[in-house]
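A.B. asks: Next up is a structure, given as structure tokens.
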Amino acid sequence: MTSGADDVDRDDLRRTVTVRGPVRRVVSLVPSLTEAVAATAPGVLVGATDWCTHPAGLDVPRIRGTKNPDVAGIVALRPDLVLANEEENRRADVEALDAAGVPVWVTDVRTLDGAFASLERMLRLVCGTDRVDWLDRARTAWDGVTGPGPRRRAVVPIWRRPWMAVGRDTFTGSVLARLGVDNALADAPGRYPHVDLDALPPHDLVVLPDEPYPFGPDDGPEAFVGTPVALVPGRLLTWYGPSLLEAARTLPGLLSPGSLPRYLDGEEPSKLPGHQA
């Protein structure tokens with residue numbers, strides 16, 4: 001853990017963050033960062049959101065969600081540091097914590113390489129260590145990843161009613177690009193644009209994660225008749241903590257062209273691979 005006098009650093013947004021003394025109490029507003037701290041220095045976590053589902057059995061006070069945290073409850077936990085993310089958390093909540101005198105470290109993760117760099121800096125501040133075993137192993141695993149076959153172009157829906165998909169400048173897009181899959185909507189306006197399924201750009205793959213919308217064999221593939229569909233755990237595409245190691249080991253197989261089903265018009269969803277009876 002950090003020790004000694006005031007520690008002054010800049011987070012991913014280049015905000016000055018001053019931590020007074022050792023970091024012994026951390027509240028995390030980001031599921032990925034909760035998992036990362038729990039895997040590295042579990043004793044410092046004193047609060048997390050309702051969405052922080054990993055590691056299983058995490059026993060800390062919950063401070064509501066990422067978009068509506070209980071700011072007063074967080075302050076009452078007397079954290080030495082709060083962890084937030086530029087995309088997942090609201091600026092107003094970060095500013096309210098700043099005003100209450102609580103240091104907030106904000107990450108901004110948009111690429112796979114950026115995730116490693118951001119986690120390294122954050123864990124150095126929180127845990128006072130330059131080397132983290134799980135992070136080193138995840139980086140090594142991704143260094144050995146190669147895309148399964150020729151490059152493909154994918155649409156990656158994240159919601160329906162209305163349909164939304166992954167757009168430009170996202171961590172998910174960077175992960176898929178490392179796996180040989182280019183985002184067909186990488187030039188769309190916005191990071192998560194609304195889309196018209198009848199006006200999608202050319203693509204030869206649809207990637208359906210199970211979060212934030214719970215796409216599954218019975219919900220999603222039927223909208224993309226004739227196109228190969230990959231059903232993947234959303235955590236492996238969007239989380240950037242210890243799940244990075246699992247993602248490097250699992251995603252290549254899930255995206256392998258030979259294993260992807262096509263939904264045929266009139267076919268029963270239960271016949272698709274991955275269906276849970």
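In the structure tokens, each chain is lettered A, B, ... as it comes, each chain's residues begin at 1, and ligands are numbered from 1 in order of appearance.
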Just the residues within 7 Å of A:Thr111, please, counting only C-alpha atoms, with nothing from its chain fewer than 5 positions along; format it as a list in words.
C.D. replies: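 The residues that qualify are Thr170, Phe171 and Ser174 of chain A.
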A.B. asks: Write out as a VMD selection string the set of residues from stretch 108-192 of chain A that DSSP, computed on the backbone, places in strand (DSSP E or B).
C.D. replies: chain A and resid 152 to 155 157 to 159 164 to 165 181 to 183
A.B. asks: Suppose we keep C-alpha atoms; can you now write the selection as a CSV table (one decimal), in the first residue's frame?
C.D. replies:
```csv
chain,number,residue,atom,x,y,z
A,152,ARG,CA,-14.0,-9.9,-40.5
A,153,ARG,CA,-16.4,-7.0,-40.1
A,154,ALA,CA,-18.9,-7.2,-37.2
A,155,VAL,CA,-21.9,-5.4,-35.9
A,157,PRO,CA,-25.4,-4.7,-30.7
A,158,ILE,CA,-25.6,-3.7,-27.0
A,159,TRP,CA,-29.4,-3.0,-26.7
A,164,MET,CA,-28.0,0.3,-30.2
A,165,ALA,CA,-24.6,-0.9,-31.1
A,181,VAL,CA,-12.7,-8.5,-36.1
A,182,ASP,CA,-13.2,-4.9,-37.3
A,183,ASN,CA,-16.2,-2.9,-36.1
```
A.B. asks: If we count only C-alpha atoms and set the cut-off at 8 Å, which residues sit around stretch 236-253 of chain A, ignoring sequence neighbours fewer than 5 positions away in its own chain? Please answer as a list in words.
C.D. replies: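 These residues fall inside the cut-off: Pro31, Ser32, Leu33, Glu35, Ala36, Ala39, Ala115, Leu119, Trp134, Leu135, Arg137, Ala138, Arg139, Ala141, Trp142, Val145, Thr146, Gly147, Pro148, Phe171, Thr172, Val175, Leu176, Leu179, Pro209 and Ser259 of chain A.
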A.B. asks: Using only C-alpha atoms, which residues sit within 6 Å of A:Arg168 once same-chain residues fewer than 6 positions away are excluded, as a list in words?
C.D. replies: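 Those residues are Ala186, Asp187 and Arg191 of chain A.
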A.B. asks: How far is it from atom CA of A:Arg124 to atom CA of A:Pro103, in Å with one decimal?
C.D. replies: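 One can read the atom CA of A:Arg124 to atom CA of A:Pro103 distance as 15.6 Å.
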A.B. asks: Nearest to A:Asp11 among A:Cys52, A:Val27, A:Val82, A:Val37, with distances taken over only C-alpha atoms: which residue is it?
C.D. replies: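 Among A:Cys52, A:Val27, A:Val82, A:Val37, it is A:Val82 that comes nearest to A:Asp11.
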A.B. asks: Which one of A:Ala100, A:Val132, A:Leu29, A:Val225 sits closest to A:Asn68 if you count only C-alpha atoms?
C.D. replies: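 Result for the nearest residue to A:Asn68: A:Leu29.
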A.B. asks: I need the alpha helix (DSSP H) residues of stretch 7-202 of chain A per DSSP on the backbone, written as a VMD selection string.
C.D. replies: chain A and resid 31 to 40 71 to 76 91 to 99 112 to 127 133 to 143 171 to 178
A.B. asks: If you keep C-alpha atoms, can you produce a file of those selected residues as a short mmCIF file (atom, residue, chain, number, x, y, z; two decimals), in the first residue's frame?
C.D. replies:
```
data_model
loop_
_atom_site.label_atom_id
_atom_site.label_comp_id
_atom_site.auth_asym_id
_atom_site.auth_seq_id
_atom_site.Cartn_x
_atom_site.Cartn_y
_atom_site.Cartn_z
CA PRO A 31 -17.13 -3.22 -11.62
CA SER A 32 -13.86 -3.77 -13.50
CA LEU A 33 -11.88 -1.77 -10.96
CA THR A 34 -13.62 -3.46 -8.04
CA GLU A 35 -12.52 -6.83 -9.39
CA ALA A 36 -9.00 -5.52 -10.04
CA VAL A 37 -8.54 -4.20 -6.50
CA ALA A 38 -10.13 -7.30 -4.96
CA ALA A 39 -7.65 -9.49 -6.84
CA THR A 40 -4.68 -7.37 -5.76
CA VAL A 71 -22.72 10.09 -2.46
CA ALA A 72 -23.53 10.71 1.20
CA GLY A 73 -23.15 7.00 1.89
CA ILE A 74 -19.76 6.97 0.18
CA VAL A 75 -18.54 9.93 2.25
CA ALA A 76 -19.75 8.17 5.41
CA ARG A 91 -19.31 13.89 -13.76
CA ALA A 92 -21.77 15.39 -11.25
CA ASP A 93 -21.12 12.56 -8.79
CA VAL A 94 -17.35 12.90 -9.15
CA GLU A 95 -17.63 16.64 -8.57
CA ALA A 96 -19.84 16.09 -5.50
CA LEU A 97 -17.23 13.77 -4.00
CA ASP A 98 -14.48 16.25 -4.82
CA ALA A 99 -16.48 18.98 -3.07
CA LEU A 112 -6.72 -2.80 -24.84
CA ASP A 113 -3.22 -1.35 -24.45
CA GLY A 114 -4.73 1.61 -22.64
CA ALA A 115 -6.41 -0.74 -20.18
CA PHE A 116 -3.09 -2.25 -19.17
CA ALA A 117 -1.46 1.16 -18.75
CA SER A 118 -4.42 2.56 -16.80
CA LEU A 119 -4.65 -0.44 -14.46
CA GLU A 120 -0.91 -0.34 -13.82
CA ARG A 121 -1.04 3.32 -12.75
CA MET A 122 -4.18 2.92 -10.67
CA LEU A 123 -2.91 -0.16 -8.83
CA ARG A 124 0.41 1.55 -8.17
CA LEU A 125 -1.46 4.30 -6.34
CA VAL A 126 -3.90 2.00 -4.54
CA CYS A 127 -1.58 -0.88 -3.68
CA ASP A 133 0.90 -11.03 -11.19
CA TRP A 134 -2.55 -11.31 -12.77
CA LEU A 135 -1.96 -8.18 -14.83
CA ASP A 136 1.40 -9.47 -16.08
CA ARG A 137 -0.18 -12.80 -17.03
CA ALA A 138 -3.05 -11.08 -18.84
CA ARG A 139 -0.64 -8.90 -20.83
CA THR A 140 1.42 -11.97 -21.79
CA ALA A 141 -1.74 -13.83 -22.83
CA TRP A 142 -2.87 -10.99 -25.10
CA ASP A 143 0.60 -10.69 -26.61
CA PHE A 171 -12.59 -0.70 -25.49
CA THR A 172 -14.86 -3.36 -26.99
CA GLY A 173 -13.87 -2.33 -30.50
CA SER A 174 -10.19 -2.49 -29.57
CA VAL A 175 -10.53 -5.99 -28.09
CA LEU A 176 -12.29 -7.26 -31.20
CA ALA A 177 -9.74 -5.62 -33.49
CA ARG A 178 -6.95 -7.52 -31.70
#
```
A.B. asks: Quick one: of A:Asp130, A:Asp50, A:Glu86, A:Asp198, who's nearest to A:Asp70, counting only C-alpha atoms?
C.D. replies: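 Among A:Asp130, A:Asp50, A:Glu86, A:Asp198, it is A:Asp50 that comes nearest to A:Asp70.
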A.B. asks: For each of A:Gly167, A:Pro214, A:Pro22, A:Gly180, take the minimum atom-to-atom distance to A:His194, counting only C-alpha atoms, then give the residue where this is smallest.
C.D. replies: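 Closest to A:His194, using only C-alpha atoms: A:Gly167.
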A.B. asks: What does the distance between atom CA of A:Val23 and atom CA of A:Asp80 come to in Å, to one decimal place?
C.D. replies: 5.6 Å
A.B. asks: Using only C-alpha atoms, which protein or nucleic acid residues come within 10 Å of A:Pro221? Drop anything in the same chain fewer than 2 positions from it, and give the result as a PDB file with N, CA and C atoms, in the first residue's frame.
C.D. replies:
```
ATOM      1  N   VAL A 206     -22.097 -10.965 -36.600  1.00  0.00           N
ATOM      2  CA  VAL A 206     -22.787 -10.232 -35.539  1.00  0.00           C
ATOM      3  C   VAL A 206     -22.302 -10.791 -34.207  1.00  0.00           C
ATOM      4  N   VAL A 207     -21.853  -9.929 -33.330  1.00  0.00           N
ATOM      5  CA  VAL A 207     -21.399 -10.328 -31.999  1.00  0.00           C
ATOM      6  C   VAL A 207     -22.443  -9.853 -30.996  1.00  0.00           C
ATOM      7  N   LEU A 208     -23.040 -10.789 -30.271  1.00  0.00           N
ATOM      8  CA  LEU A 208     -24.094 -10.461 -29.310  1.00  0.00           C
ATOM      9  C   LEU A 208     -23.602 -10.763 -27.893  1.00  0.00           C
ATOM     10  N   PHE A 215     -28.656 -10.486 -24.419  1.00  0.00           N
ATOM     11  CA  PHE A 215     -28.843 -11.272 -25.632  1.00  0.00           C
ATOM     12  C   PHE A 215     -28.539 -12.742 -25.365  1.00  0.00           C
ATOM     13  N   GLY A 216     -29.262 -13.613 -26.038  1.00  0.00           N
ATOM     14  CA  GLY A 216     -29.043 -15.044 -25.883  1.00  0.00           C
ATOM     15  C   GLY A 216     -29.598 -15.776 -27.082  1.00  0.00           C
ATOM     16  N   PRO A 217     -29.542 -17.100 -27.083  1.00  0.00           N
ATOM     17  CA  PRO A 217     -30.006 -17.877 -28.239  1.00  0.00           C
ATOM     18  C   PRO A 217     -31.441 -17.583 -28.637  1.00  0.00           C
ATOM     19  N   ASP A 218     -32.291 -17.233 -27.663  1.00  0.00           N
ATOM     20  CA  ASP A 218     -33.705 -16.984 -27.945  1.00  0.00           C
ATOM     21  C   ASP A 218     -34.029 -15.507 -28.127  1.00  0.00           C
ATOM     22  N   ASP A 219     -33.036 -14.654 -28.038  1.00  0.00           N
ATOM     23  CA  ASP A 219     -33.302 -13.219 -28.045  1.00  0.00           C
ATOM     24  C   ASP A 219     -32.142 -12.492 -28.713  1.00  0.00           C
ATOM     25  N   ALA A 223     -32.914 -11.683 -35.388  1.00  0.00           N
ATOM     26  CA  ALA A 223     -32.959 -10.398 -36.090  1.00  0.00           C
ATOM     27  C   ALA A 223     -31.903 -10.299 -37.186  1.00  0.00           C
ATOM     28  N   PHE A 224     -31.022 -11.307 -37.263  1.00  0.00           N
ATOM     29  CA  PHE A 224     -29.907 -11.253 -38.214  1.00  0.00           C
ATOM     30  C   PHE A 224     -29.874 -12.526 -39.050  1.00  0.00           C
ATOM     31  N   VAL A 225     -30.948 -12.755 -39.757  1.00  0.00           N
ATOM     32  CA  VAL A 225     -31.108 -13.985 -40.532  1.00  0.00           C
ATOM     33  C   VAL A 225     -29.994 -14.117 -41.564  1.00  0.00           C
ATOM     34  N   GLY A 226     -29.345 -15.274 -41.572  1.00  0.00           N
ATOM     35  CA  GLY A 226     -28.330 -15.592 -42.566  1.00  0.00           C
ATOM     36  C   GLY A 226     -26.930 -15.124 -42.251  1.00  0.00           C
ATOM     37  N   THR A 227     -26.750 -14.385 -41.154  1.00  0.00           N
ATOM     38  CA  THR A 227     -25.422 -13.879 -40.787  1.00  0.00           C
ATOM     39  C   THR A 227     -24.875 -14.684 -39.618  1.00  0.00           C
ATOM     40  N   PRO A 228     -23.611 -15.100 -39.656  1.00  0.00           N
ATOM     41  CA  PRO A 228     -23.035 -15.801 -38.505  1.00  0.00           C
ATOM     42  C   PRO A 228     -23.145 -14.957 -37.235  1.00  0.00           C
ATOM     43  N   VAL A 229     -23.530 -15.591 -36.147  1.00  0.00           N
ATOM     44  CA  VAL A 229     -23.743 -14.904 -34.878  1.00  0.00           C
ATOM     45  C   VAL A 229     -22.866 -15.528 -33.805  1.00  0.00           C
ATOM     46  N   ALA A 230     -22.122 -14.679 -33.084  1.00  0.00           N
ATOM     47  CA  ALA A 230     -21.317 -15.129 -31.949  1.00  0.00           C
ATOM     48  C   ALA A 230     -21.971 -14.628 -30.668  1.00  0.00           C
ATOM     49  N   LEU A 231     -22.386 -15.540 -29.812  1.00  0.00           N
ATOM     50  CA  LEU A 231     -22.920 -15.203 -28.498  1.00  0.00           C
ATOM     51  C   LEU A 231     -21.768 -15.248 -27.496  1.00  0.00           C
ATOM     52  N   PRO A 261     -22.954 -20.263 -35.559  1.00  0.00           N
ATOM     53  CA  PRO A 261     -24.209 -20.635 -36.224  1.00  0.00           C
ATOM     54  C   PRO A 261     -24.778 -19.484 -37.034  1.00  0.00           C
ATOM     55  N   ARG A 262     -25.633 -19.812 -37.973  1.00  0.00           N
ATOM     56  CA  ARG A 262     -26.440 -18.827 -38.700  1.00  0.00           C
ATOM     57  C   ARG A 262     -27.898 -19.094 -38.361  1.00  0.00           C
ATOM     58  N   TYR A 263     -28.606 -18.038 -38.042  1.00  0.00           N
ATOM     59  CA  TYR A 263     -30.031 -18.177 -37.781  1.00  0.00           C
ATOM     60  C   TYR A 263     -30.754 -18.178 -39.125  1.00  0.00           C
ATOM     61  N   LEU A 264     -31.526 -19.206 -39.382  1.00  0.00           N
ATOM     62  CA  LEU A 264     -32.264 -19.319 -40.630  1.00  0.00           C
ATOM     63  C   LEU A 264     -33.725 -18.947 -40.385  1.00  0.00           C
ATOM     64  N   PRO A 269     -35.076 -20.983 -32.194  1.00  0.00           N
ATOM     65  CA  PRO A 269     -33.881 -20.512 -31.495  1.00  0.00           C
ATOM     66  C   PRO A 269     -33.231 -21.586 -30.641  1.00  0.00           C
ATOM     67  N   LEU A 272     -30.088 -23.397 -31.795  1.00  0.00           N
ATOM     68  CA  LEU A 272     -28.785 -22.747 -31.913  1.00  0.00           C
ATOM     69  C   LEU A 272     -27.850 -23.219 -30.813  1.00  0.00           C
TER      70      LEU A 272
END
```
A.B. asks: From the list A:Asp169, A:Leu260, A:Leu185, A:Glu222, which residue is nearest A:Leu205 when using only C-alpha atoms?
C.D. replies: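 Of all the options, A:Leu260 lies closest to A:Leu205.
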A.B. asks: So which one's closest to A:Pro150, A:Pro42, A:Gly234, A:Pro257, A:Pro193? Using only C-alpha atoms, please.
C.D. replies: A:Pro257
